[in-house]
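Structure file query10.cif (mmCIF, C-alpha atoms) is printed below.
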```
data_coords
#
loop_
_atom_site.label_atom_id
_atom_site.label_comp_id
_atom_site.auth_asym_id
_atom_site.auth_seq_id
_atom_site.Cartn_x
_atom_site.Cartn_y
_atom_site.Cartn_z
CA MET A 1 -34.41 4.42 -0.87
CA ASN A 2 -32.55 2.22 1.59
CA LEU A 3 -33.47 3.29 5.10
CA ILE A 4 -33.16 -0.09 6.80
CA ALA A 5 -29.68 -1.55 6.22
CA PRO A 6 -27.88 1.59 7.51
CA LEU A 7 -29.69 1.18 10.86
CA LEU A 8 -28.06 -2.21 11.45
CA THR A 9 -24.61 -3.47 12.34
CA PRO A 10 -23.46 -7.03 12.96
CA ASP A 11 -23.78 -6.23 16.69
CA THR A 12 -27.43 -5.22 16.33
CA THR A 13 -28.37 -8.10 14.03
CA LEU A 14 -28.97 -11.05 16.31
CA LEU A 15 -29.59 -14.52 14.95
CA ASP A 16 -31.19 -17.53 16.56
CA LEU A 17 -31.88 -16.20 20.05
CA SER A 18 -34.77 -17.43 22.19
CA PHE A 19 -36.92 -15.53 24.67
CA THR A 20 -39.78 -16.69 26.84
CA SER A 21 -41.84 -13.50 26.41
CA LYS A 22 -42.07 -10.13 24.69
CA LYS A 23 -41.00 -8.58 27.97
CA LYS A 24 -37.75 -10.59 27.97
CA LEU A 25 -37.11 -9.63 24.34
CA PHE A 26 -37.67 -5.94 25.16
CA GLU A 27 -35.35 -6.20 28.20
CA HIS A 28 -32.63 -7.68 25.98
CA ALA A 29 -33.17 -4.99 23.33
CA ALA A 30 -33.04 -2.27 26.01
CA GLU A 31 -29.65 -3.53 27.19
CA LEU A 32 -28.44 -3.85 23.59
CA PHE A 33 -29.41 -0.25 22.74
CA ALA A 34 -27.89 0.94 26.04
CA GLN A 35 -24.56 -0.73 25.26
CA THR A 36 -24.51 0.15 21.55
CA TYR A 37 -25.89 3.70 21.57
CA GLY A 38 -25.40 4.86 25.16
CA LEU A 39 -29.13 5.09 25.81
CA LYS A 40 -30.76 4.42 29.17
CA ALA A 41 -32.02 0.84 29.17
CA THR A 42 -35.07 1.86 31.25
CA ASP A 43 -36.05 4.52 28.68
CA VAL A 44 -35.80 2.01 25.83
CA PHE A 45 -37.73 -0.69 27.67
CA THR A 46 -40.45 1.72 28.79
CA SER A 47 -40.87 3.15 25.28
CA LEU A 48 -41.17 -0.30 23.67
CA PHE A 49 -43.40 -1.72 26.39
CA ASP A 50 -45.72 1.31 26.47
CA ARG A 51 -46.12 1.21 22.67
CA GLU A 52 -46.85 -2.52 22.75
CA ARG A 53 -49.58 -1.97 25.37
CA LEU A 54 -51.40 0.26 22.87
CA GLY A 55 -51.65 -2.72 20.51
CA SER A 56 -49.47 -5.47 19.18
CA THR A 57 -46.73 -4.44 16.77
CA ALA A 58 -46.90 -7.87 15.12
CA LEU A 59 -47.88 -7.65 11.46
CA GLY A 60 -48.60 -11.33 10.89
CA SER A 61 -46.66 -13.89 8.88
CA GLY A 62 -44.15 -14.22 11.72
CA ILE A 63 -43.13 -10.52 11.67
CA ALA A 64 -43.15 -7.84 14.38
CA ILE A 65 -41.86 -4.26 14.33
CA PRO A 66 -41.80 -2.98 17.91
CA HIS A 67 -40.94 0.71 17.88
CA GLY A 68 -40.60 3.60 20.25
CA ARG A 69 -39.61 7.22 20.58
CA ILE A 70 -36.62 8.15 22.71
CA LYS A 71 -35.97 11.63 24.05
CA GLY A 72 -32.42 12.74 23.26
CA LEU A 73 -31.86 10.17 20.49
CA LYS A 74 -30.27 11.91 17.49
CA ASP A 75 -30.99 9.42 14.69
CA ALA A 76 -33.16 6.38 14.10
CA SER A 77 -31.61 3.15 15.39
CA GLY A 78 -32.54 -0.46 14.76
CA ALA A 79 -31.94 -4.01 15.87
CA LEU A 80 -33.04 -7.12 14.03
CA TYR A 81 -33.76 -10.32 15.92
CA ARG A 82 -34.18 -13.63 14.16
CA LEU A 83 -35.68 -15.84 16.83
CA LYS A 84 -34.73 -19.49 17.18
CA THR A 85 -38.03 -20.25 18.86
CA PRO A 86 -40.94 -18.20 17.49
CA LEU A 87 -42.45 -15.94 20.14
CA GLU A 88 -46.13 -15.31 20.85
CA PHE A 89 -46.82 -11.66 19.98
CA ASP A 90 -50.61 -11.34 19.68
CA ALA A 91 -50.35 -11.21 15.89
CA PRO A 92 -53.49 -10.63 13.82
CA ASP A 93 -53.04 -14.05 12.18
CA ASN A 94 -52.16 -15.70 15.54
CA GLN A 95 -48.78 -16.83 14.17
CA PRO A 96 -45.81 -16.49 16.53
CA VAL A 97 -43.00 -14.12 15.53
CA SER A 98 -39.68 -15.30 14.07
CA LEU A 99 -38.40 -11.97 12.70
CA CYS A 100 -38.50 -8.89 14.89
CA PHE A 101 -37.15 -5.49 13.85
CA ILE A 102 -36.94 -3.10 16.79
CA LEU A 103 -36.92 0.54 15.74
CA LEU A 104 -36.13 3.51 17.93
CA VAL A 105 -36.55 7.06 16.66
CA PRO A 106 -36.01 10.52 18.16
CA GLN A 107 -38.88 11.88 20.21
CA ASP A 108 -39.88 14.39 17.51
CA ALA A 109 -39.34 12.18 14.44
CA ASN A 110 -42.45 11.93 12.31
CA GLU A 111 -41.98 11.62 8.57
CA ARG A 112 -38.74 9.63 8.72
CA HIS A 113 -40.26 7.29 11.31
CA LEU A 114 -43.19 6.59 9.01
CA GLN A 115 -40.90 6.15 5.99
CA ILE A 116 -38.82 3.55 7.83
CA LEU A 117 -41.92 1.71 9.07
CA GLY A 118 -43.33 1.74 5.53
CA GLU A 119 -40.11 0.35 4.06
CA LEU A 120 -40.01 -2.36 6.74
CA ALA A 121 -43.63 -3.31 6.07
CA GLN A 122 -42.95 -3.52 2.33
CA LEU A 123 -39.80 -5.56 2.87
CA PHE A 124 -41.47 -8.00 5.26
CA SER A 125 -44.53 -8.43 3.04
CA ASP A 126 -42.38 -10.35 0.53
CA ASN A 127 -42.63 -14.06 1.36
CA ALA A 128 -39.46 -14.94 -0.57
CA MET A 129 -37.53 -12.26 1.33
CA ARG A 130 -38.77 -13.56 4.68
CA THR A 131 -37.62 -17.05 3.71
CA ARG A 132 -34.17 -15.76 2.71
CA MET A 133 -33.93 -13.81 5.98
CA LEU A 134 -34.70 -16.95 7.95
CA ASN A 135 -31.98 -18.90 6.12
CA VAL A 136 -28.91 -16.64 6.02
CA ALA A 137 -25.93 -17.80 8.07
CA THR A 138 -24.47 -14.58 9.49
CA PRO A 139 -25.52 -11.10 10.59
CA SER A 140 -23.39 -9.57 7.81
CA GLU A 141 -25.19 -11.68 5.19
CA LEU A 142 -28.55 -10.57 6.56
CA ILE A 143 -27.55 -6.89 6.45
CA ALA A 144 -26.27 -7.30 2.88
CA LEU A 145 -29.53 -9.02 1.91
CA LEU A 146 -31.56 -6.14 3.35
CA GLY A 147 -29.38 -3.58 1.59
CA ALA A 148 -29.69 -5.34 -1.75
CA SER A 149 -33.42 -5.89 -1.35
CA THR A 150 -34.33 -2.32 -0.48
CA ALA A 151 -32.13 -1.03 -3.32
CA LEU A 152 -33.89 -3.40 -5.74
CA THR A 153 -37.32 -2.42 -4.39
CA PHE A 154 -36.45 1.26 -4.86
CA SER A 155 -35.19 0.63 -8.42
CA LEU A 156 -38.33 -1.30 -9.35
CA SER A 157 -40.49 1.37 -7.79
CA LEU A 158 -38.64 4.08 -9.70
CA PHE A 159 -38.95 2.05 -12.92
CA ALA A 160 -42.70 1.59 -12.39
CA SER A 161 -43.15 5.32 -11.71
CA THR A 162 -41.10 6.29 -14.77
CA ARG A 163 -43.03 3.82 -16.91
CA HIS A 164 -46.34 5.23 -15.66
CA ILE A 165 -45.23 8.81 -16.35
CA THR A 166 -44.00 7.85 -19.84
CA THR A 167 -47.25 6.02 -20.65
CA THR A 168 -49.31 8.97 -19.42
CA LEU A 169 -47.19 11.38 -21.45
CA PHE A 170 -47.63 9.29 -24.62
CA ASP A 171 -51.38 9.07 -23.97
CA LEU A 172 -51.59 12.84 -23.62
CA LEU A 173 -49.49 13.39 -26.74
CA GLY A 174 -51.64 10.89 -28.61
CA HIS A 175 -54.84 12.71 -27.62
CA ALA A 176 -53.31 16.07 -28.56
CA ALA A 177 -52.14 14.71 -31.94
CA ALA A 178 -55.56 13.25 -32.60
CA SER A 179 -57.21 16.60 -31.79
CA VAL A 180 -54.82 18.48 -34.04
CA LEU A 181 -55.22 15.97 -36.87
CA GLY A 182 -58.99 15.97 -36.38
CA GLY A 183 -59.00 19.77 -36.65
CA ILE A 184 -56.91 19.67 -39.84
CA ALA A 185 -59.05 16.97 -41.45
CA GLY A 186 -62.30 18.75 -40.59
#
```

Let's see the structure in the file written out as C-alpha coordinates.
Amino acid sequence: MNLIAPLLTPDTTLLDLSFTSKKKLFEHAAELFAQTYGLKATDVFTSLFDRERLGSTALGSGIAIPHGRIKGLKDASGALYRLKTPLEFDAPDNQPVSLCFILLVPQDANERHLQILGELAQLFSDNAMRTRMLNVATPSELIALLGASTALTFSLSLFASTRHITTTLFDLLGHAAASVLGGIAG
(Lines of atoms letter the chains of each structure in order from A and count residues from 1; the text may use other names and numbers.)
(Lines give C-alpha, C1' and ligand atoms only; values in the text may rest on other atoms or scores of the structure.)
Protein backbone atom coordinates (compact mmCIF):
# COMPACT_ATOMS: atom_id res chain seq x y z
CA MET A 1 0.00 0.00 0.00
CA ASN A 2 1.21 3.53 -0.65
CA LEU A 3 0.51 5.63 2.42
CA ILE A 4 3.45 8.03 2.13
CA ALA A 5 3.41 9.75 -1.28
CA PRO A 6 -0.21 10.96 -0.90
CA LEU A 7 0.80 12.83 2.27
CA LEU A 8 3.25 15.02 0.35
CA THR A 9 3.01 17.88 -2.12
CA PRO A 10 5.79 19.88 -3.73
CA ASP A 11 5.09 22.54 -1.07
CA THR A 12 5.63 20.07 1.78
CA THR A 13 8.70 18.43 0.25
CA LEU A 14 11.59 20.70 1.10
CA LEU A 15 15.05 20.15 -0.30
CA ASP A 16 18.41 21.36 0.90
CA LEU A 17 17.38 23.50 3.86
CA SER A 18 19.61 24.03 6.90
CA PHE A 19 18.67 24.44 10.55
CA THR A 20 20.82 24.98 13.60
CA SER A 21 18.73 22.75 15.89
CA LYS A 22 15.77 20.39 16.11
CA LYS A 23 13.84 23.23 17.70
CA LYS A 24 14.39 25.44 14.64
CA LEU A 25 13.34 22.59 12.33
CA PHE A 26 10.16 22.03 14.38
CA GLU A 27 9.40 25.79 14.33
CA HIS A 28 9.73 25.79 10.53
CA ALA A 29 7.54 22.68 10.24
CA ALA A 30 4.93 24.24 12.55
CA GLU A 31 4.70 27.30 10.30
CA LEU A 32 4.60 25.09 7.19
CA PHE A 33 1.71 22.99 8.54
CA ALA A 34 -0.07 26.17 9.70
CA GLN A 35 0.16 27.71 6.22
CA THR A 36 -0.58 24.50 4.30
CA TYR A 37 -3.28 22.90 6.45
CA GLY A 38 -4.63 25.78 8.53
CA LEU A 39 -3.37 24.29 11.79
CA LYS A 40 -2.19 26.34 14.76
CA ALA A 41 1.59 26.57 14.59
CA THR A 42 1.82 26.40 18.40
CA ASP A 43 -0.16 23.12 18.47
CA VAL A 44 2.12 21.57 15.85
CA PHE A 45 5.32 22.72 17.52
CA THR A 46 4.16 21.60 20.97
CA SER A 47 3.10 18.17 19.68
CA LEU A 48 6.42 17.57 17.90
CA PHE A 49 8.55 18.96 20.71
CA ASP A 50 6.70 17.04 23.45
CA ARG A 51 7.04 13.77 21.51
CA GLU A 52 10.75 14.39 20.94
CA ARG A 53 11.27 14.94 24.68
CA LEU A 54 10.01 11.39 25.28
CA GLY A 55 12.90 10.09 23.17
CA SER A 56 14.58 10.85 19.91
CA THR A 57 12.61 10.08 16.77
CA ALA A 58 15.86 9.50 14.87
CA LEU A 59 16.13 5.96 13.54
CA GLY A 60 19.81 6.04 12.61
CA SER A 61 21.44 6.07 9.17
CA GLY A 62 20.66 9.78 8.84
CA ILE A 63 16.87 9.35 9.20
CA ALA A 64 14.35 10.87 11.63
CA ILE A 65 10.56 10.61 11.74
CA PRO A 66 9.27 13.23 14.19
CA HIS A 67 5.55 12.73 14.67
CA GLY A 68 2.71 14.11 16.69
CA ARG A 69 -1.02 13.99 17.26
CA ILE A 70 -3.11 17.06 16.55
CA LYS A 71 -6.60 17.62 17.93
CA GLY A 72 -9.01 18.57 15.15
CA LEU A 73 -6.81 17.26 12.32
CA LYS A 74 -8.97 15.23 9.92
CA ASP A 75 -6.32 13.19 8.05
CA ALA A 76 -2.66 12.33 8.39
CA SER A 77 -0.34 15.01 6.98
CA GLY A 78 3.34 14.91 6.19
CA ALA A 79 6.33 17.02 5.27
CA LEU A 80 9.67 15.73 4.05
CA TYR A 81 12.84 17.68 4.70
CA ARG A 82 16.09 16.87 2.96
CA LEU A 83 18.65 18.80 4.96
CA LYS A 84 21.60 20.50 3.31
CA THR A 85 23.57 20.32 6.53
CA PRO A 86 22.89 17.15 8.56
CA LEU A 87 21.36 17.95 11.93
CA GLU A 88 22.23 16.43 15.31
CA PHE A 89 19.18 14.45 16.45
CA ASP A 90 20.41 12.13 19.23
CA ALA A 91 20.28 9.16 16.87
CA PRO A 92 21.05 5.67 18.20
CA ASP A 93 24.05 5.44 15.84
CA ASN A 94 25.13 9.04 16.62
CA GLN A 95 24.84 9.99 12.93
CA PRO A 96 23.29 13.39 12.18
CA VAL A 97 20.02 13.46 10.23
CA SER A 98 19.81 14.31 6.52
CA LEU A 99 16.29 13.04 5.80
CA CYS A 100 13.45 13.99 8.11
CA PHE A 101 9.82 13.01 7.54
CA ILE A 102 7.47 14.90 9.84
CA LEU A 103 4.16 13.15 10.35
CA LEU A 104 1.06 14.60 11.96
CA VAL A 105 -2.00 12.46 12.64
CA PRO A 106 -5.41 13.10 14.18
CA GLN A 107 -5.57 12.90 17.96
CA ASP A 108 -7.41 9.56 17.92
CA ALA A 109 -5.52 7.91 15.03
CA ASN A 110 -3.99 4.60 16.05
CA GLU A 111 -3.81 1.88 13.43
CA ARG A 112 -3.28 4.21 10.46
CA HIS A 113 -0.60 6.10 12.38
CA LEU A 114 1.27 2.87 13.02
CA GLN A 115 0.83 1.73 9.40
CA ILE A 116 2.34 4.97 8.10
CA LEU A 117 5.24 4.81 10.58
CA GLY A 118 5.86 1.18 9.59
CA GLU A 119 5.89 2.03 5.88
CA LEU A 120 8.27 4.94 6.53
CA ALA A 121 10.60 2.73 8.56
CA GLN A 122 10.61 0.10 5.81
CA LEU A 123 11.21 2.71 3.12
CA PHE A 124 14.06 4.38 5.00
CA SER A 125 15.72 1.07 5.88
CA ASP A 126 16.68 0.65 2.21
CA ASN A 127 20.17 2.12 1.72
CA ALA A 128 19.76 2.44 -2.06
CA MET A 129 16.48 4.33 -1.57
CA ARG A 130 18.09 6.73 0.91
CA THR A 131 20.85 7.43 -1.61
CA ARG A 132 18.31 8.10 -4.38
CA MET A 133 16.36 10.40 -2.05
CA LEU A 134 19.49 12.38 -1.30
CA ASN A 135 20.24 12.81 -5.01
CA VAL A 136 16.94 13.78 -6.68
CA ALA A 137 16.77 17.30 -8.07
CA THR A 138 13.20 18.42 -7.35
CA PRO A 139 10.40 17.88 -4.83
CA SER A 140 8.21 16.37 -7.58
CA GLU A 141 10.94 13.82 -8.41
CA LEU A 142 11.22 12.89 -4.74
CA ILE A 143 7.45 12.40 -4.41
CA ALA A 144 7.41 10.27 -7.58
CA LEU A 145 10.31 8.20 -6.23
CA LEU A 146 8.44 7.59 -2.97
CA GLY A 147 5.27 6.66 -4.84
CA ALA A 148 7.09 4.22 -7.10
CA SER A 149 9.07 2.72 -4.23
CA THR A 150 6.14 2.05 -1.93
CA ALA A 151 4.14 0.58 -4.83
CA LEU A 152 7.08 -1.72 -5.66
CA THR A 153 7.52 -2.67 -1.99
CA PHE A 154 3.81 -3.52 -1.77
CA SER A 155 3.97 -5.58 -4.99
CA LEU A 156 7.02 -7.51 -3.78
CA SER A 157 5.39 -8.05 -0.41
CA LEU A 158 2.22 -9.31 -2.07
CA PHE A 159 4.28 -11.58 -4.35
CA ALA A 160 6.19 -13.01 -1.37
CA SER A 161 2.93 -13.63 0.53
CA THR A 162 1.30 -15.27 -2.49
CA ARG A 163 4.38 -17.42 -3.06
CA HIS A 164 4.38 -18.49 0.60
CA ILE A 165 0.67 -19.37 0.47
CA THR A 166 1.14 -21.31 -2.78
CA THR A 167 4.14 -23.23 -1.38
CA THR A 168 2.23 -24.05 1.80
CA LEU A 169 -0.77 -25.19 -0.23
CA PHE A 170 1.39 -27.47 -2.39
CA ASP A 171 3.08 -28.86 0.73
CA LEU A 172 -0.31 -29.63 2.27
CA LEU A 173 -1.57 -31.20 -0.95
CA GLY A 174 1.62 -33.22 -1.21
CA HIS A 175 1.20 -34.56 2.34
CA ALA A 176 -2.46 -35.36 1.69
CA ALA A 177 -1.60 -37.15 -1.58
CA ALA A 178 1.13 -39.12 0.15
CA SER A 179 -1.31 -40.17 2.90
CA VAL A 180 -3.93 -41.22 0.38
CA LEU A 181 -1.40 -43.10 -1.75
CA GLY A 182 0.09 -44.68 1.37
CA GLY A 183 -3.38 -45.86 2.40
CA ILE A 184 -4.05 -47.32 -1.06
CA ALA A 185 -0.68 -49.08 -1.23
CA GLY A 186 -1.04 -50.54 2.26

**Message:** Could you list, as number ranges by chain, every residue within 10 Å of segment 70-72 of chain A, counting all atoms listed in the file and ignoring same-chain residues fewer than 2 positions away?
**Reply:** A: 39-40, 43-44, 46-48, 67-68, 74-76, 104-109

Report the closest atom pair, with its distance in Å rounded to one decimal, for each residue of segment 100-158 of chain A that has an atom no farther than 12 Å from segment 82-96 of chain A; count all atoms listed in the file, sort by chain and then rising residue number, and write it as JSON lines.
```
{"residue": "A:Cys100", "atom": "CA", "partner": "A:Arg82", "partner_atom": "CA", "distance": 6.5}
{"residue": "A:Phe101", "atom": "CA", "partner": "A:Arg82", "partner_atom": "CA", "distance": 8.7}
{"residue": "A:Ile102", "atom": "CA", "partner": "A:Arg82", "partner_atom": "CA", "distance": 11.2}
{"residue": "A:Arg130", "atom": "CA", "partner": "A:Arg82", "partner_atom": "CA", "distance": 10.5}
{"residue": "A:Thr131", "atom": "CA", "partner": "A:Arg82", "partner_atom": "CA", "distance": 11.5}
{"residue": "A:Arg132", "atom": "CA", "partner": "A:Arg82", "partner_atom": "CA", "distance": 11.6}
{"residue": "A:Met133", "atom": "CA", "partner": "A:Arg82", "partner_atom": "CA", "distance": 8.2}
{"residue": "A:Leu134", "atom": "CA", "partner": "A:Arg82", "partner_atom": "CA", "distance": 7.1}
{"residue": "A:Asn135", "atom": "CA", "partner": "A:Arg82", "partner_atom": "CA", "distance": 9.9}
{"residue": "A:Val136", "atom": "CA", "partner": "A:Arg82", "partner_atom": "CA", "distance": 10.2}
{"residue": "A:Ala137", "atom": "CA", "partner": "A:Arg82", "partner_atom": "CA", "distance": 11.1}
{"residue": "A:Thr138", "atom": "CA", "partner": "A:Arg82", "partner_atom": "CA", "distance": 10.8}
{"residue": "A:Pro139", "atom": "CA", "partner": "A:Arg82", "partner_atom": "CA", "distance": 9.7}
{"residue": "A:Leu142", "atom": "CA", "partner": "A:Arg82", "partner_atom": "CA", "distance": 9.9}
```

**Request:** Choose the residue, out of A:Ser149, A:Thr42, A:Gln122, A:Thr12, that has the smallest atom-to-atom separation from Glu27 of chain A; count only C-alpha atoms.
**Result:** A:Thr42

**Non-local contacts of Asp11 of chain A (10 Å; only C-alpha atoms; under 5 positions in same chain excluded) as number ranges by chain** = A: 32, 36, 79-80, 139-140

For the residues selected in the previous step, produce a file with C-alpha atoms as a short mmCIF file (atom, residue, chain, number, x, y, z; two decimals), in the coordinates of the input.
```cif
data_model
loop_
_atom_site.label_atom_id
_atom_site.label_comp_id
_atom_site.auth_asym_id
_atom_site.auth_seq_id
_atom_site.Cartn_x
_atom_site.Cartn_y
_atom_site.Cartn_z
CA LEU A 32 -28.44 -3.85 23.59
CA THR A 36 -24.51 0.15 21.55
CA ALA A 79 -31.94 -4.01 15.87
CA LEU A 80 -33.04 -7.12 14.03
CA PRO A 139 -25.52 -11.10 10.59
CA SER A 140 -23.39 -9.57 7.81
#
```

**Complete:** Using all atoms listed in the file, the best pick from A:Val97, A:Gly78, A:Ala64, A:Asp126 as closest to Pro10 of chain A would be A:Gly78
